[in-house]
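Data first, discussion second: the structure below is written as structure tokens.
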Amino acid sequence: MSDQTVRYVVGESFHRSTCHPDVQTVDQLVEELRTDAPPMLIRPGLGLDIATWEWVKQQAALKATSGQVAFDGSPAVPVARRVVLKHASDNVVIGNASTDGDRFRCELVIANDSELMRDHTADQQHVPGMLLIEAAIQAITWAVAKLTTPLPGQGQRYAVMHACEFAFHRFAFPLPAVLEGQLEPNGKPEDERIPLKSTVTIWQAGRQCSTLTVRLDAFDPSHIFAVEHAQARKTLDRI
């Protein structure tokens, strides 16, 4: 395809970013495909799930001239909601997660109807900082479950964070972004808990957007739930 236009398609929740002509929402792109759209290469941005991506492909096949539109890539597949401690799948913000030794990597995923976007009022083109923090925490939570060994007969270890530091270096936009991190020992491990430290960096277009450093314990779930229950009981008694 010669002289093709590259377009990133994003969810409607990121409509403010369409002030750039090479970014369109799903609805805007489909509407353009119904007209004399130029030859284009379409890539997935954020706010877009796999089902919607496939629907856009179908619309392009129906509306566009053969060979006029090509697609590159696919939205990341979110991790299971339970492993990042979410009730709603729309609030899972990492996908295509993998490990290599003590290192982990995943992609930023944002559902169009995520409450993390829906309840953010700032008039912005960028991804809210709180969502980036949430993504880094989910990445660490996922990594702890995957990379630490549970006690015999017990479930996956439970990440409990007790200190954090985060920094924003530049805005992240509703375009592909990657999270990379590592779990490091941060004290003497015990059966009930493994002290760890982790730094997660969010990258976009080859540049750092933000970093989050966390100190945490990977607890045996039965142990930490017992500790939590005892502390709640003491708090109620004192009140």
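Chain lettering (A, B, ...) mirrors the order of the structure tokens, residue numbering begins at 1 for each chain separately, and ligand numbering begins at 1 in order of display.
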When you look at A:Gly187 with a cut-off of 12 Å (counting only C-alpha atoms), what residues show up, excluding the ones that are within fewer than 6 positions of it in the same chain? I need them as number ranges by chain. A: 193-197, 215-218
Store the residues picked out above in a file with all heavy atoms, as a PDB file, in the first residue's frame.
ATOM      1  N   ARG A 193       6.294 -15.254  55.090  1.00  0.00           N
ATOM      2  CA  ARG A 193       6.439 -14.053  54.281  1.00  0.00           C
ATOM      3  C   ARG A 193       7.825 -13.978  53.655  1.00  0.00           C
ATOM      4  O   ARG A 193       8.806 -14.439  54.227  1.00  0.00           O
ATOM      5  CB  ARG A 193       6.166 -12.796  55.108  1.00  0.00           C
ATOM      6  CG  ARG A 193       7.226 -12.490  56.149  1.00  0.00           C
ATOM      7  CD  ARG A 193       6.862 -11.264  56.960  1.00  0.00           C
ATOM      8  NE  ARG A 193       7.955 -10.906  57.865  1.00  0.00           N
ATOM      9  CZ  ARG A 193       8.881  -9.979  57.571  1.00  0.00           C
ATOM     10  NH1 ARG A 193       8.833  -9.338  56.420  1.00  0.00           N
ATOM     11  NH2 ARG A 193       9.842  -9.709  58.431  1.00  0.00           N
ATOM     12  N   ILE A 194       7.858 -13.377  52.463  1.00  0.00           N
ATOM     13  CA  ILE A 194       9.112 -13.166  51.738  1.00  0.00           C
ATOM     14  C   ILE A 194       9.239 -11.662  51.493  1.00  0.00           C
ATOM     15  O   ILE A 194       8.474 -11.088  50.707  1.00  0.00           O
ATOM     16  CB  ILE A 194       9.109 -13.915  50.394  1.00  0.00           C
ATOM     17  CG1 ILE A 194       8.866 -15.410  50.615  1.00  0.00           C
ATOM     18  CG2 ILE A 194      10.422 -13.693  49.655  1.00  0.00           C
ATOM     19  CD1 ILE A 194       8.673 -16.187  49.319  1.00  0.00           C
ATOM     20  N   PRO A 195      10.187 -10.988  52.154  1.00  0.00           N
ATOM     21  CA  PRO A 195      10.360  -9.548  51.915  1.00  0.00           C
ATOM     22  C   PRO A 195      10.945  -9.296  50.522  1.00  0.00           C
ATOM     23  O   PRO A 195      11.935  -9.913  50.130  1.00  0.00           O
ATOM     24  CB  PRO A 195      11.351  -9.120  53.006  1.00  0.00           C
ATOM     25  CG  PRO A 195      11.353 -10.234  54.004  1.00  0.00           C
ATOM     26  CD  PRO A 195      11.073 -11.480  53.221  1.00  0.00           C
ATOM     27  N   LEU A 196      10.329  -8.359  49.796  1.00  0.00           N
ATOM     28  CA  LEU A 196      10.731  -8.084  48.419  1.00  0.00           C
ATOM     29  C   LEU A 196      10.745  -6.586  48.152  1.00  0.00           C
ATOM     30  O   LEU A 196      10.127  -5.794  48.872  1.00  0.00           O
ATOM     31  CB  LEU A 196       9.753  -8.752  47.434  1.00  0.00           C
ATOM     32  CG  LEU A 196       9.660 -10.273  47.456  1.00  0.00           C
ATOM     33  CD1 LEU A 196       8.451 -10.733  46.647  1.00  0.00           C
ATOM     34  CD2 LEU A 196      10.937 -10.902  46.921  1.00  0.00           C
ATOM     35  N   LYS A 197      11.444  -6.242  47.080  1.00  0.00           N
ATOM     36  CA  LYS A 197      11.422  -4.881  46.545  1.00  0.00           C
ATOM     37  C   LYS A 197      11.215  -4.988  45.041  1.00  0.00           C
ATOM     38  O   LYS A 197      11.712  -5.920  44.407  1.00  0.00           O
ATOM     39  CB  LYS A 197      12.745  -4.169  46.845  1.00  0.00           C
ATOM     40  CG  LYS A 197      12.836  -2.758  46.274  1.00  0.00           C
ATOM     41  CD  LYS A 197      14.205  -2.152  46.570  1.00  0.00           C
ATOM     42  CE  LYS A 197      14.346  -0.773  45.938  1.00  0.00           C
ATOM     43  NZ  LYS A 197      15.684  -0.181  46.195  1.00  0.00           N
ATOM     44  N   ARG A 215       8.206  -1.535  48.307  1.00  0.00           N
ATOM     45  CA  ARG A 215       8.679  -2.568  49.231  1.00  0.00           C
ATOM     46  C   ARG A 215       7.453  -3.329  49.717  1.00  0.00           C
ATOM     47  O   ARG A 215       6.434  -2.716  50.071  1.00  0.00           O
ATOM     48  CB  ARG A 215       9.457  -1.953  50.389  1.00  0.00           C
ATOM     49  CG  ARG A 215      10.802  -1.386  49.959  1.00  0.00           C
ATOM     50  CD  ARG A 215      11.691  -1.050  51.146  1.00  0.00           C
ATOM     51  NE  ARG A 215      11.134   0.028  51.949  1.00  0.00           N
ATOM     52  CZ  ARG A 215      11.289   1.321  51.668  1.00  0.00           C
ATOM     53  NH1 ARG A 215      11.947   1.686  50.584  1.00  0.00           N
ATOM     54  NH2 ARG A 215      10.766   2.238  52.464  1.00  0.00           N
ATOM     55  N   LEU A 216       7.547  -4.618  49.725  1.00  0.00           N
ATOM     56  CA  LEU A 216       6.380  -5.446  50.012  1.00  0.00           C
ATOM     57  C   LEU A 216       6.786  -6.769  50.635  1.00  0.00           C
ATOM     58  O   LEU A 216       7.976  -7.127  50.666  1.00  0.00           O
ATOM     59  CB  LEU A 216       5.609  -5.725  48.713  1.00  0.00           C
ATOM     60  CG  LEU A 216       6.322  -6.603  47.686  1.00  0.00           C
ATOM     61  CD1 LEU A 216       5.318  -7.490  46.952  1.00  0.00           C
ATOM     62  CD2 LEU A 216       7.080  -5.759  46.664  1.00  0.00           C
ATOM     63  N   ASP A 217       5.797  -7.495  51.107  1.00  0.00           N
ATOM     64  CA  ASP A 217       5.969  -8.874  51.565  1.00  0.00           C
ATOM     65  C   ASP A 217       5.055  -9.765  50.746  1.00  0.00           C
ATOM     66  O   ASP A 217       3.887  -9.419  50.506  1.00  0.00           O
ATOM     67  CB  ASP A 217       5.626  -9.017  53.051  1.00  0.00           C
ATOM     68  CG  ASP A 217       6.638  -8.334  53.942  1.00  0.00           C
ATOM     69  OD1 ASP A 217       7.848  -8.536  53.710  1.00  0.00           O
ATOM     70  OD2 ASP A 217       6.228  -7.602  54.867  1.00  0.00           O
ATOM     71  N   ALA A 218       5.598 -10.902  50.310  1.00  0.00           N
ATOM     72  CA  ALA A 218       4.779 -11.927  49.661  1.00  0.00           C
ATOM     73  C   ALA A 218       4.346 -12.897  50.747  1.00  0.00           C
ATOM     74  O   ALA A 218       5.108 -13.770  51.170  1.00  0.00           O
ATOM     75  CB  ALA A 218       5.582 -12.633  48.576  1.00  0.00           C
TER      76      ALA A 218
END
Name the residues of stretch 22-172 of chain A that fall into strand (DSSP E or B) according to DSSP on the backbone, using the chain letters and numbers of this document, as a PyMOL selection string. chain A and resi 23-25+40-44+69-71+78+94-100+103-108+158-168
If you run DSSP over the backbone, which residues in stretch 9-232 of chain A end up helix (DSSP H, G or I)? Put them as a VMD selection string. chain A and resid 12 to 19 26 to 33 50 to 63 81 to 84 89 to 91 115 to 118 129 to 147 221 to 232
Considering only C-alpha atoms, return as a ChimeraX atom specification whatever protein or nucleic-acid residues lie within 10 Å of A:Asp102, sequence-local ones (same chain, fewer than 3 positions apart) excluded. /A:99,143-144,146-148,181-184
Include all heavy atoms and write out the residues we just selected as a short mmCIF file (atom, residue, chain, number, x, y, z; two decimals), in the first residue's frame.
data_model
loop_
_atom_site.label_atom_id
_atom_site.label_comp_id
_atom_site.auth_asym_id
_atom_site.auth_seq_id
_atom_site.Cartn_x
_atom_site.Cartn_y
_atom_site.Cartn_z
N THR A 99 7.07 -13.60 32.19
CA THR A 99 8.18 -13.54 33.12
C THR A 99 9.44 -14.08 32.45
O THR A 99 9.38 -14.88 31.51
CB THR A 99 7.91 -14.35 34.40
OG1 THR A 99 7.72 -15.74 34.04
CG2 THR A 99 6.67 -13.85 35.11
N ALA A 143 3.05 -10.52 39.35
CA ALA A 143 4.38 -11.13 39.39
C ALA A 143 4.60 -11.92 40.67
O ALA A 143 5.21 -13.00 40.65
CB ALA A 143 5.45 -10.05 39.24
N VAL A 144 4.13 -11.39 41.80
CA VAL A 144 4.28 -12.11 43.07
C VAL A 144 3.58 -13.46 43.00
O VAL A 144 4.12 -14.49 43.43
CB VAL A 144 3.75 -11.27 44.23
CG1 VAL A 144 3.56 -12.11 45.49
CG2 VAL A 144 4.71 -10.12 44.52
N LYS A 146 3.04 -15.22 40.38
CA LYS A 146 3.68 -16.09 39.41
C LYS A 146 5.08 -16.52 39.83
O LYS A 146 5.53 -17.62 39.50
CB LYS A 146 3.75 -15.38 38.05
CG LYS A 146 2.41 -15.15 37.38
CD LYS A 146 1.78 -16.47 36.95
CE LYS A 146 0.46 -16.23 36.24
NZ LYS A 146 -0.19 -17.50 35.83
N LEU A 147 5.82 -15.65 40.52
CA LEU A 147 7.25 -15.87 40.71
C LEU A 147 7.65 -16.33 42.11
O LEU A 147 8.81 -16.67 42.32
CB LEU A 147 8.01 -14.58 40.38
CG LEU A 147 7.95 -14.12 38.91
CD1 LEU A 147 8.67 -12.79 38.74
CD2 LEU A 147 8.56 -15.18 38.01
N THR A 148 6.74 -16.33 43.07
CA THR A 148 7.06 -16.83 44.40
C THR A 148 6.39 -18.17 44.64
O THR A 148 5.29 -18.42 44.13
CB THR A 148 6.63 -15.82 45.49
OG1 THR A 148 5.21 -15.63 45.42
CG2 THR A 148 7.34 -14.48 45.29
N GLY A 181 9.53 -4.78 35.02
CA GLY A 181 9.93 -4.74 36.42
C GLY A 181 10.68 -5.98 36.84
O GLY A 181 10.90 -6.92 36.06
N GLN A 182 11.06 -5.99 38.12
CA GLN A 182 11.84 -7.09 38.67
C GLN A 182 11.50 -7.24 40.15
O GLN A 182 11.28 -6.24 40.85
CB GLN A 182 13.33 -6.82 38.50
CG GLN A 182 14.26 -7.92 38.98
CD GLN A 182 15.71 -7.61 38.66
OE1 GLN A 182 16.05 -6.49 38.26
NE2 GLN A 182 16.58 -8.58 38.83
N LEU A 183 11.45 -8.48 40.63
CA LEU A 183 11.31 -8.75 42.06
C LEU A 183 12.69 -9.02 42.63
O LEU A 183 13.43 -9.87 42.13
CB LEU A 183 10.40 -9.95 42.30
CG LEU A 183 8.91 -9.79 41.97
CD1 LEU A 183 8.17 -11.08 42.33
CD2 LEU A 183 8.29 -8.61 42.70
N GLU A 184 13.06 -8.31 43.71
CA GLU A 184 14.36 -8.47 44.34
C GLU A 184 14.18 -8.79 45.83
O GLU A 184 13.28 -8.24 46.48
CB GLU A 184 15.18 -7.19 44.21
CG GLU A 184 15.35 -6.67 42.80
CD GLU A 184 16.04 -5.32 42.80
OE1 GLU A 184 17.18 -5.23 43.31
OE2 GLU A 184 15.42 -4.36 42.32
#
Excluding A:Val127 and its own-chain neighbours fewer than 4 positions away, which residues fall within 7 Å of it when counting only C-alpha atoms? Please give them as number ranges by chain. A: 131, 172-174
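The protein and nucleic acid residues lying at most 8 Å from A:Asn112 are Gly11, Glu12, Ser13, Leu46, Gly47, Leu48, Asp49, Asp90 and Met117 of chain A, with only C-alpha atoms considered and sequence neighbours fewer than 4 positions away removed.
For the residues A:Thr235, A:Thr18, A:Asn96, A:Thr199, ranking by smallest atom-to-atom distance to A:Ile140 using only C-alpha atoms places A:Thr199 first.
Counting from atom CA of A:Val26, the distance to atom CA of A:Gln68 is 17.6 Å.
If you count only C-alpha atoms and ignore residues fewer than 3 places along the chain from A:Ala167, what sits within 12 Å of it is Gly129, Met130, Leu132, Ile133, Ala136, Cys164, Arg170, Phe171, Thr199, Val200, Thr201, Ile202, Gln208, Cys209, Ser210, Thr211, Leu212, Thr213 and Val214 of chain A.
You will find atom CA of A:Phe14 at 21.2 Å from atom CA of A:Ala60.
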So how far away is atom CA of A:Ile94 from atom CA of A:Pro189, in Å? 28.0 Å
Residues within 8 Å of stretch 21-23 of chain A, only C-alpha atoms, excluding chain neighbours under 4 positions, as JSON, numbers by chain: {"A": [5, 6, 7, 8, 9, 10, 17]}
Those same residues - N, CA, C and O atoms - I'd like them written as a JSON list (two decimals), in the first residue's frame.
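again02.json, written as the output of this step:
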[["chain", "number", "residue", "atom", "x", "y", "z"],
["A", 5, "THR", "N", -1.86, 6.25, 5.15],
["A", 5, "THR", "CA", -1.96, 7.05, 6.36],
["A", 5, "THR", "C", -2.01, 6.11, 7.56],
["A", 5, "THR", "O", -2.80, 5.16, 7.56],
["A", 6, "VAL", "N", -1.18, 6.34, 8.58],
["A", 6, "VAL", "CA", -1.22, 5.52, 9.79],
["A", 6, "VAL", "C", -2.21, 6.14, 10.76],
["A", 6, "VAL", "O", -2.15, 7.34, 11.05],
["A", 7, "ARG", "N", -3.14, 5.32, 11.25],
["A", 7, "ARG", "CA", -4.15, 5.78, 12.20],
["A", 7, "ARG", "C", -4.12, 4.88, 13.44],
["A", 7, "ARG", "O", -4.09, 3.66, 13.30],
["A", 8, "TYR", "N", -4.12, 5.50, 14.60],
["A", 8, "TYR", "CA", -4.32, 4.76, 15.84],
["A", 8, "TYR", "C", -5.77, 4.92, 16.25],
["A", 8, "TYR", "O", -6.30, 6.04, 16.28],
["A", 9, "VAL", "N", -6.42, 3.80, 16.54],
["A", 9, "VAL", "CA", -7.81, 3.85, 16.96],
["A", 9, "VAL", "C", -7.88, 3.63, 18.46],
["A", 9, "VAL", "O", -7.23, 2.73, 19.00],
["A", 10, "VAL", "N", -8.64, 4.49, 19.16],
["A", 10, "VAL", "CA", -8.74, 4.45, 20.62],
["A", 10, "VAL", "C", -10.20, 4.37, 21.02],
["A", 10, "VAL", "O", -11.11, 4.61, 20.22],
["A", 17, "SER", "N", -8.01, 12.95, 22.78],
["A", 17, "SER", "CA", -6.73, 12.77, 22.08],
["A", 17, "SER", "C", -6.88, 12.85, 20.57],
["A", 17, "SER", "O", -5.89, 12.89, 19.83]]
